[in-house]
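Enquirer: My file is structure26.cif. It has mmCIF, C-alpha atoms and all ligand atoms:
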data_model
loop_
_atom_site.label_atom_id
_atom_site.label_comp_id
_atom_site.auth_asym_id
_atom_site.auth_seq_id
_atom_site.Cartn_x
_atom_site.Cartn_y
_atom_site.Cartn_z
CA MET A 1 104.30 115.71 232.39
CA ARG A 2 106.55 112.67 232.03
CA ASN A 3 106.35 112.42 228.23
CA PRO A 4 109.66 113.91 226.89
CA ILE A 5 108.02 115.16 223.66
CA LYS A 6 105.29 116.95 225.56
CA LEU A 7 107.91 118.38 227.90
CA PHE A 8 109.96 119.62 224.93
CA TRP A 9 106.99 121.45 223.38
CA PHE A 10 106.00 122.86 226.74
CA ALA A 11 109.54 124.27 227.19
CA ILE A 12 109.41 125.84 223.69
CA PHE A 13 106.03 127.39 224.52
CA VAL A 14 107.32 128.90 227.78
CA LEU A 15 110.40 130.26 226.01
CA LEU A 16 108.26 131.86 223.30
CA ILE A 17 106.00 133.58 225.84
CA PHE A 18 109.02 134.79 227.80
CA SER A 19 110.79 136.26 224.77
CA THR A 20 107.59 137.98 223.55
CA CYS A 21 107.17 139.64 226.95
CA GLN A 22 110.82 140.71 227.00
CA ASN A 23 110.59 142.23 223.53
CA LYS A 24 107.45 144.08 224.54
CA ALA A 25 109.19 145.62 227.55
CA GLU A 26 112.05 146.85 225.39
CA GLN A 27 109.97 148.14 222.49
CA PRO A 28 109.30 151.87 222.43
CA ARG A 29 105.60 152.62 222.93
CA PRO A 30 103.83 154.95 220.52
CA GLY A 31 103.07 157.57 223.14
CA TYR A 32 105.05 160.37 224.73
CA ALA A 33 104.04 163.52 226.57
CA LEU A 34 105.76 166.80 227.40
CA VAL A 35 104.63 169.71 229.54
CA ILE A 36 106.40 172.92 230.59
CA HIS A 37 105.74 175.88 232.82
CA GLY A 38 107.23 179.35 232.90
CA GLY A 39 106.10 180.42 236.37
CA SER A 40 102.84 181.06 238.23
CA GLY A 41 101.55 184.22 239.91
CA ASN A 42 98.63 186.53 240.52
CA PHE A 43 98.63 188.19 237.13
CA SER A 44 96.19 188.18 234.29
CA VAL A 45 97.12 187.98 230.65
CA ASP A 46 96.07 191.64 230.20
CA ASP A 47 98.94 192.68 232.51
CA ILE A 48 101.37 191.54 229.81
CA SER A 49 101.86 193.52 226.60
CA ILE A 50 100.87 191.85 223.32
CA GLU A 51 104.49 191.84 222.11
CA LYS A 52 105.64 190.20 225.30
CA GLN A 53 102.87 187.60 225.15
CA LYS A 54 104.02 186.79 221.63
CA ALA A 55 107.63 186.48 222.77
CA TYR A 56 106.64 184.14 225.63
CA ARG A 57 104.54 182.01 223.30
CA GLU A 58 107.32 181.75 220.74
CA LYS A 59 109.93 180.77 223.30
CA MET A 60 107.67 178.20 224.96
CA LYS A 61 106.81 176.75 221.56
CA GLU A 62 110.51 176.53 220.70
CA ALA A 63 111.16 174.68 223.96
CA LEU A 64 108.26 172.26 223.43
CA LEU A 65 109.28 171.49 219.85
CA ALA A 66 112.90 170.88 220.86
CA GLY A 67 111.79 168.48 223.60
CA GLU A 68 109.28 166.79 221.31
CA GLU A 69 111.91 166.20 218.65
CA ILE A 70 113.93 164.21 221.19
CA LEU A 71 110.94 162.18 222.38
CA LYS A 72 109.71 161.48 218.85
CA GLU A 73 113.09 160.04 217.91
CA ASN A 74 112.92 157.63 220.87
CA GLY A 75 115.16 159.89 222.98
CA SER A 76 115.03 159.89 226.76
CA CYS A 77 112.73 161.94 228.97
CA LEU A 78 115.85 163.21 230.76
CA ASP A 79 117.32 164.64 227.54
CA ALA A 80 113.96 166.22 226.69
CA VAL A 81 113.60 167.88 230.11
CA GLU A 82 117.14 169.24 230.02
CA ALA A 83 116.77 170.54 226.44
CA CYS A 84 113.47 172.32 227.15
CA ILE A 85 114.74 173.94 230.32
CA ARG A 86 118.02 175.07 228.74
CA ILE A 87 116.09 176.96 226.06
CA MET A 88 114.09 178.81 228.70
CA GLU A 89 117.19 179.40 230.85
CA ASP A 90 118.93 181.03 227.88
CA SER A 91 116.05 183.47 227.40
CA PRO A 92 115.89 186.69 229.43
CA LEU A 93 112.09 186.28 229.54
CA PHE A 94 112.14 183.67 232.29
CA ASN A 95 113.37 183.81 235.87
CA ALA A 96 116.00 181.13 235.36
CA GLY A 97 119.52 181.28 233.95
CA LYS A 98 119.89 184.47 231.91
CA GLY A 99 116.70 186.16 233.20
CA SER A 100 117.21 185.35 236.89
CA VAL A 101 115.89 187.81 239.45
CA PHE A 102 118.11 189.68 241.91
CA THR A 103 118.61 189.08 245.61
CA HIS A 104 118.14 191.97 248.06
CA GLU A 105 121.90 192.45 247.87
CA GLY A 106 121.85 192.73 244.06
CA THR A 107 123.31 189.33 243.20
CA ASN A 108 121.89 186.44 241.14
CA GLU A 109 121.74 183.05 242.88
CA MET A 110 120.16 180.18 241.00
CA ASP A 111 118.64 176.85 241.99
CA ALA A 112 117.74 173.79 239.89
CA SER A 113 116.90 170.11 240.22
CA ILE A 114 116.24 167.16 237.96
CA MET A 115 114.93 163.67 238.66
CA VAL A 116 114.24 160.46 236.75
CA GLY A 117 111.36 158.21 237.68
CA SER A 118 112.81 154.84 236.67
CA ASP A 119 115.28 154.57 239.55
CA ARG A 120 114.53 157.88 241.30
CA LYS A 121 118.01 159.22 240.71
CA ALA A 122 118.16 162.97 241.27
CA GLY A 123 120.58 165.88 241.11
CA ALA A 124 120.40 169.48 242.24
CA VAL A 125 122.35 172.70 242.60
CA ALA A 126 121.51 175.59 244.89
CA GLY A 127 122.78 179.15 245.06
CA VAL A 128 124.98 178.91 241.96
CA LYS A 129 126.33 182.19 240.56
CA HIS A 130 128.39 181.21 237.52
CA VAL A 131 127.00 178.16 235.78
CA LYS A 132 125.21 179.27 232.63
CA ASN A 133 122.65 176.46 232.65
CA PRO A 134 121.88 175.33 236.20
CA ILE A 135 119.69 172.46 234.95
CA SER A 136 122.72 170.89 233.25
CA ALA A 137 124.70 171.30 236.46
CA ALA A 138 121.91 169.51 238.34
CA ARG A 139 122.08 166.69 235.79
CA ALA A 140 125.86 166.51 236.13
CA VAL A 141 125.54 166.22 239.92
CA MET A 142 123.14 163.30 239.39
CA GLU A 143 125.26 161.54 236.80
CA LYS A 144 128.84 162.39 237.70
CA SER A 145 128.99 162.83 241.47
CA LYS A 146 128.13 160.60 244.39
CA HIS A 147 125.87 163.31 245.80
CA VAL A 148 122.36 164.58 245.14
CA MET A 149 122.77 168.29 245.86
CA LEU A 150 125.69 170.70 245.71
CA SER A 151 125.51 174.36 246.67
CA GLY A 152 127.29 177.68 246.11
CA SER A 153 130.92 177.78 245.07
CA GLY A 154 131.25 173.98 245.32
CA ALA A 155 128.48 173.55 242.77
CA ASP A 156 129.94 176.18 240.43
CA PHE A 157 133.37 174.53 240.74
CA PHE A 158 131.91 171.08 240.05
CA ALA A 159 130.08 172.38 236.96
CA SER A 160 133.19 173.94 235.50
CA GLU A 161 135.33 170.86 236.34
CA ASN A 162 132.80 168.79 234.40
CA GLY A 163 133.03 170.91 231.29
CA LEU A 164 129.84 172.94 231.65
CA ASP A 165 129.78 176.58 230.51
CA THR A 166 130.43 179.05 233.30
CA VAL A 167 130.10 182.82 232.97
CA GLY A 168 130.90 186.01 234.88
CA THR A 169 128.13 187.34 237.11
CA GLU A 170 127.49 190.18 234.62
CA TYR A 171 125.99 187.60 232.21
CA PHE A 172 122.92 187.38 234.45
CA TYR A 173 122.32 191.14 234.58
CA THR A 174 119.16 192.23 232.80
CA GLU A 175 117.83 195.76 233.10
CA GLU A 176 114.27 194.55 233.59
CA ARG A 177 115.12 192.33 236.57
CA TRP A 178 117.30 195.06 238.07
CA GLN A 179 114.39 197.50 237.86
CA SER A 180 112.14 194.88 239.50
CA LEU A 181 114.49 194.80 242.46
CA GLN A 182 114.44 198.61 242.64
CA ASN A 183 110.60 198.47 242.62
CA PHE A 184 110.68 196.00 245.47
CA LEU A 185 113.14 198.07 247.46
CA GLN A 186 110.83 201.07 247.15
CA ASN A 187 107.64 199.15 247.82
CA GLU A 188 107.91 195.63 249.27
CA LYS A 189 104.38 194.70 248.15
CA LYS A 190 104.97 195.68 244.59
CA LYS A 191 103.90 193.86 241.50
CA GLU A 192 103.42 190.18 241.11
CA LEU A 193 104.86 190.34 237.60
CA ASP A 194 108.24 191.28 239.01
CA LYS A 195 108.85 187.85 240.46
CA LEU A 196 107.49 185.61 237.74
CA GLY A 197 109.16 183.13 235.50
CA THR A 198 110.60 180.04 237.17
CA VAL A 199 110.72 177.27 234.57
CA GLY A 200 109.95 173.58 234.74
CA CYS A 201 109.40 170.58 232.52
CA VAL A 202 108.04 167.04 232.84
CA ALA A 203 108.39 164.40 230.12
CA LEU A 204 107.23 160.85 229.50
CA ASP A 205 109.28 159.05 226.86
CA LYS A 206 108.36 156.14 224.63
CA MET A 207 110.02 153.69 227.02
CA GLY A 208 107.50 154.73 229.68
CA ASN A 209 110.01 156.64 231.78
CA LEU A 210 109.19 159.93 233.49
CA ALA A 211 111.57 162.82 234.29
CA ALA A 212 110.99 166.21 235.89
CA GLY A 213 113.15 169.32 236.25
CA THR A 214 112.86 172.84 237.61
CA SER A 215 115.16 175.88 237.36
CA THR A 216 114.87 179.33 238.93
CA GLY A 217 116.55 182.51 240.04
CA GLY A 218 114.30 182.33 243.12
CA MET A 219 112.28 185.32 244.30
CA THR A 220 113.12 188.98 243.72
CA ASN A 221 114.54 190.61 246.85
CA LYS A 222 115.27 187.26 248.55
CA MET A 223 118.05 187.33 251.11
CA PHE A 224 121.40 186.16 249.78
CA GLY A 225 121.84 182.49 250.62
CA ARG A 226 118.07 181.81 250.53
CA ILE A 227 117.24 178.50 248.90
CA GLY A 228 113.75 177.87 247.58
CA ASP A 229 111.82 174.73 246.69
CA SER A 230 113.13 174.36 243.14
CA PRO A 231 116.36 172.48 243.95
CA ILE A 232 114.79 170.36 246.68
CA VAL A 233 113.83 166.89 245.51
CA GLY A 234 110.22 166.20 246.48
CA CYS A 235 109.43 169.92 246.65
CA GLY A 236 110.25 171.64 243.34
CA SER A 237 110.66 168.44 241.32
CA TYR A 238 109.76 164.79 241.72
CA ALA A 239 109.49 161.78 239.42
CA ASP A 240 108.46 158.20 240.02
CA ASN A 241 107.49 155.90 237.16
CA ASN A 242 104.84 154.27 239.36
CA THR A 243 102.88 157.49 239.79
CA CYS A 244 103.90 160.75 238.12
CA GLY A 245 106.45 163.45 237.37
CA ILE A 246 105.90 166.94 238.83
CA SER A 247 107.50 170.40 238.60
CA PHE A 248 106.37 173.23 240.87
CA THR A 249 106.42 177.01 240.72
CA GLY A 250 105.27 179.54 243.28
CA HIS A 251 106.14 180.69 246.76
CA GLY A 252 108.96 178.31 247.61
CA GLU A 253 108.75 178.47 251.39
CA TYR A 254 105.20 177.04 251.29
CA ILE A 255 106.09 174.41 248.70
CA ILE A 256 108.93 173.24 250.95
CA ARG A 257 106.67 173.12 254.02
CA THR A 258 104.18 170.89 252.21
CA VAL A 259 106.83 168.79 250.40
CA ALA A 260 104.37 169.39 247.62
CA ALA A 261 105.72 167.48 244.60
CA HIS A 262 106.30 164.31 246.59
CA ASP A 263 102.94 164.73 248.31
CA ILE A 264 101.19 164.59 244.93
CA ALA A 265 102.98 161.35 244.00
CA ALA A 266 102.38 159.89 247.46
CA THR A 267 98.69 160.82 247.38
CA MET A 268 98.34 158.96 244.07
CA GLY A 269 100.20 155.94 245.42
CA TYR A 270 98.58 155.66 248.84
CA LYS A 271 95.05 156.67 247.92
CA ASN A 272 95.00 155.19 244.42
CA VAL A 273 93.59 158.42 242.97
CA ASP A 274 94.35 160.02 239.60
CA LEU A 275 96.86 162.80 238.96
CA LYS A 276 94.26 165.55 238.74
CA THR A 277 92.70 164.60 242.08
CA ALA A 278 96.10 164.45 243.78
CA MET A 279 97.27 167.78 242.31
CA THR A 280 93.99 169.46 243.23
CA ASP A 281 94.22 168.16 246.79
CA VAL A 282 97.79 169.40 247.30
CA ILE A 283 97.59 172.71 245.42
CA MET A 284 94.00 173.87 245.90
CA ILE A 285 93.56 172.59 249.46
CA LYS A 286 96.80 171.87 251.34
CA LEU A 287 98.93 174.70 249.92
CA LYS A 288 96.04 177.15 249.75
CA SER A 289 95.06 176.51 253.38
CA ILE A 290 98.45 177.73 254.62
CA GLY A 291 98.56 180.69 252.23
CA GLY A 292 100.87 179.15 249.62
CA ASP A 293 100.47 180.61 246.14
CA ALA A 294 101.66 177.95 243.72
CA GLY A 295 101.09 175.91 240.59
CA ALA A 296 102.48 172.74 239.09
CA ILE A 297 102.62 170.67 235.96
CA GLY A 298 102.45 166.90 235.99
CA ILE A 299 102.33 163.79 233.82
CA ASP A 300 101.21 160.40 235.06
CA LYS A 301 102.56 157.05 233.95
CA ASN A 302 99.85 156.81 231.25
CA GLY A 303 100.79 160.14 229.70
CA ASP A 304 97.90 162.19 231.11
CA ILE A 305 98.95 165.81 231.53
CA GLU A 306 97.66 168.14 234.26
CA MET A 307 98.43 171.81 234.97
CA VAL A 308 96.94 173.06 238.25
CA PHE A 309 97.45 176.43 239.99
CA ASN A 310 95.84 178.36 242.82
CA THR A 311 97.23 181.67 241.52
CA LYS A 312 95.48 183.77 238.89
CA GLY A 313 97.79 182.64 236.12
CA MET A 314 100.57 180.31 235.09
CA PHE A 315 102.65 180.24 231.91
CA ARG A 316 102.24 176.70 230.68
CA GLY A 317 102.12 174.51 227.60
CA TYR A 318 102.21 170.94 226.44
CA VAL A 319 102.64 168.76 223.42
CA LYS A 320 101.47 165.20 222.69
CA PRO A 321 101.76 163.02 219.59
CA GLU A 322 98.23 163.87 218.52
CA SER A 323 98.47 167.65 218.97
CA ALA A 324 100.59 170.64 218.02
CA PRO A 325 102.00 172.60 221.00
CA VAL A 326 99.27 174.14 223.17
CA ILE A 327 100.29 177.22 225.17
CA PHE A 328 98.45 179.23 227.83
CA ILE A 329 99.62 182.34 229.62
CA GLY A 330 97.03 183.57 232.09
CA GLU A 331 93.93 182.04 233.65
N1 LIG B 1 109.48 178.53 243.52
C1 LIG B 1 110.46 179.54 243.26
C2 LIG B 1 111.19 179.86 244.55
O1 LIG B 1 110.56 179.99 245.57
C3 LIG B 1 109.91 180.80 242.69
C4 LIG B 1 108.84 180.65 241.62
O2 LIG B 1 108.48 179.56 241.24
O3 LIG B 1 108.33 181.69 241.14
O4 LIG B 1 112.37 180.04 244.52
#
Can you present the structure in this file as structure tokens?
Ligand code: ASP
Expert:
Amino acid sequence: MRNPIKLFWFAIFVLLIFSTCQNKAEQPRPGYALVIHGGSGNFSVDDISIEKQKAYREKMKEALLAGEEILKENGSCLDAVEACIRIMEDSPLFNAGKGSVFTHEGTNEMDASIMVGSDRKAGAVAGVKHVKNPISAARAVMEKSKHVMLSGSGADFFASENGLDTVGTEYFYTEERWQSLQNFLQNEKKKELDKLGTVGCVALDKMGNLAAGTSTGGMTNKMFGRIGDSPIVGCGSYADNNTCGISFTGHGEYIIRTVAAHDIAATMGYKNVDLKTAMTDVIMIKLKSIGGDAGAIGIDKNGDIEMVFNTKGMFRGYVKPESAPVIFIGE
């Protein structure tokens, strides 16, 4: 192309194509997706009173609508995940934040993690006793420290130094959770319902970014110092824009041993299978085969939502642009 006029028009053409592509990458897309869970376990909906079912539904709806508002207004998936989880942490209904279960020793020790799929940044706190919203502490670790996970008094100190609300341990006392511990102390095998309620959220925003977060008080009657899957990146939470975002709930020791959230993303990536196939493989086969009761929520990069569990039930719900919030409690 020696002709200078032709060369000029060719350069203009290339520039036009380039700028159109750039604009496309920066434009928000019409779609978003948001899914939450409020714990899995071997319960059926009939084990829960009608009033309590109503309360769970209302709180989950409130969380979904708060997250959706952020996503609708072109907000980030990270903000949506944090907002949804904070609402559930502030409710005594869920085993996270305010409604956290008790350790064998009668204390409350909370775990949380959060991750973004664009650059796979992550933050987590484990065994915190004073931070009111552990999910916000996990986010602060990700954004304001050079670490990924802080534990115990260091994590509580970091949260308070960074302006997050901290509370006395009495804030986490709820009569219902205390009675659950007493039930366990009298009969170790007692009631599935007593240990329910870990919370999690996955969001896809209009920029095509995925984020996932999980928050929990752990398992009733756990030994003090025990850390479950929820704050461990790749176990309780995982997000990668190339595959999916995942949040787990269930028996943490098994979820850790299968590195379950990362395994779902890796299965999608290595085997080129869809989210449902990968979640089914990890939850219904791999976890089940070693005795791990668990469930998870996930969103893939296209906004497809899946909720898979090998327990009898899982509190779960989602919202998409084309639908009002959809909430399920049991089977
Ligand atoms: N996965 C949580 C833990 O093991 C408990 C739960 O999800 O119910 O700490």
Enquirer: List all protein, DNA and RNA residues that have an atom no more than 10 Å from any atom of ligand LIG 1 (chain B), counting all atoms listed in the file, and report them as a PyMOL selection string.
Expert: chain A and resi 37-41+94-96+101+109-112+192-200+214-220+222+226-231+235-236+247-256+293-296+314
Enquirer: Taking 6 positions as the minimum chain separation for residues in the same chain, which residues sit within 12 Å of A:Ser136 when counting only C-alpha atoms? Answer as a ChimeraX atom specification.
Expert: /A:78-87,89,97,111-115,123-125,142-144,155-156,158-160,162-166,213-215
Enquirer: Within 8 Å of A:Asn242, counting only C-alpha atoms, which residues show up once you throw out same-chain ones fewer than 3 positions away? Write them as a ChimeraX atom specification, please.
Expert: /A:117,269,301
Enquirer: Go through A:Thr280, A:Ser44, A:Thr258, A:Asn133 one by one, measure the shortest atom-to-atom distance of each to A:Ser100 using all atoms listed in the file, and give the residue with the smallest value.
Expert: A:Asn133
Enquirer: Using all atoms listed in the file for the distances, tell me which of A:Asn310, A:Ser289, A:Gln53, A:Thr243 is nearest to A:Lys271.
Expert: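 Closest residue, counting all atoms listed in the file: A:Thr243.
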Enquirer: Around the point (106.5, 164.7, 225.2), in the coordinates given by the file, pick out the residues reaching within 8 Å, counting all atoms listed in the file, and return them as a list in words.
Expert: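 Neighbouring residues, ordered by chain and number, come to Tyr32, Ala33, Leu34, Val35, Leu64, Gly67, Glu68, Leu71, Lys72, Cys77, Ala80, Ala203, Leu204, Asp205, Tyr318, Val319, Lys320 and Pro321 of chain A.
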Enquirer: Can you measure atom CA of A:Ile329 to atom CA of A:Lys312 for me? One decimal in Å is fine.
Expert: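 Interatomic distance here is 10.3 Å.
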Enquirer: Just to confirm, what's the straight-line distance from atom CA of A:Asn302 to atom CA of A:Lys121 in Å (one decimal)?
Expert: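 Separation between atom CA of A:Asn302 and atom CA of A:Lys121: 20.6 Å.
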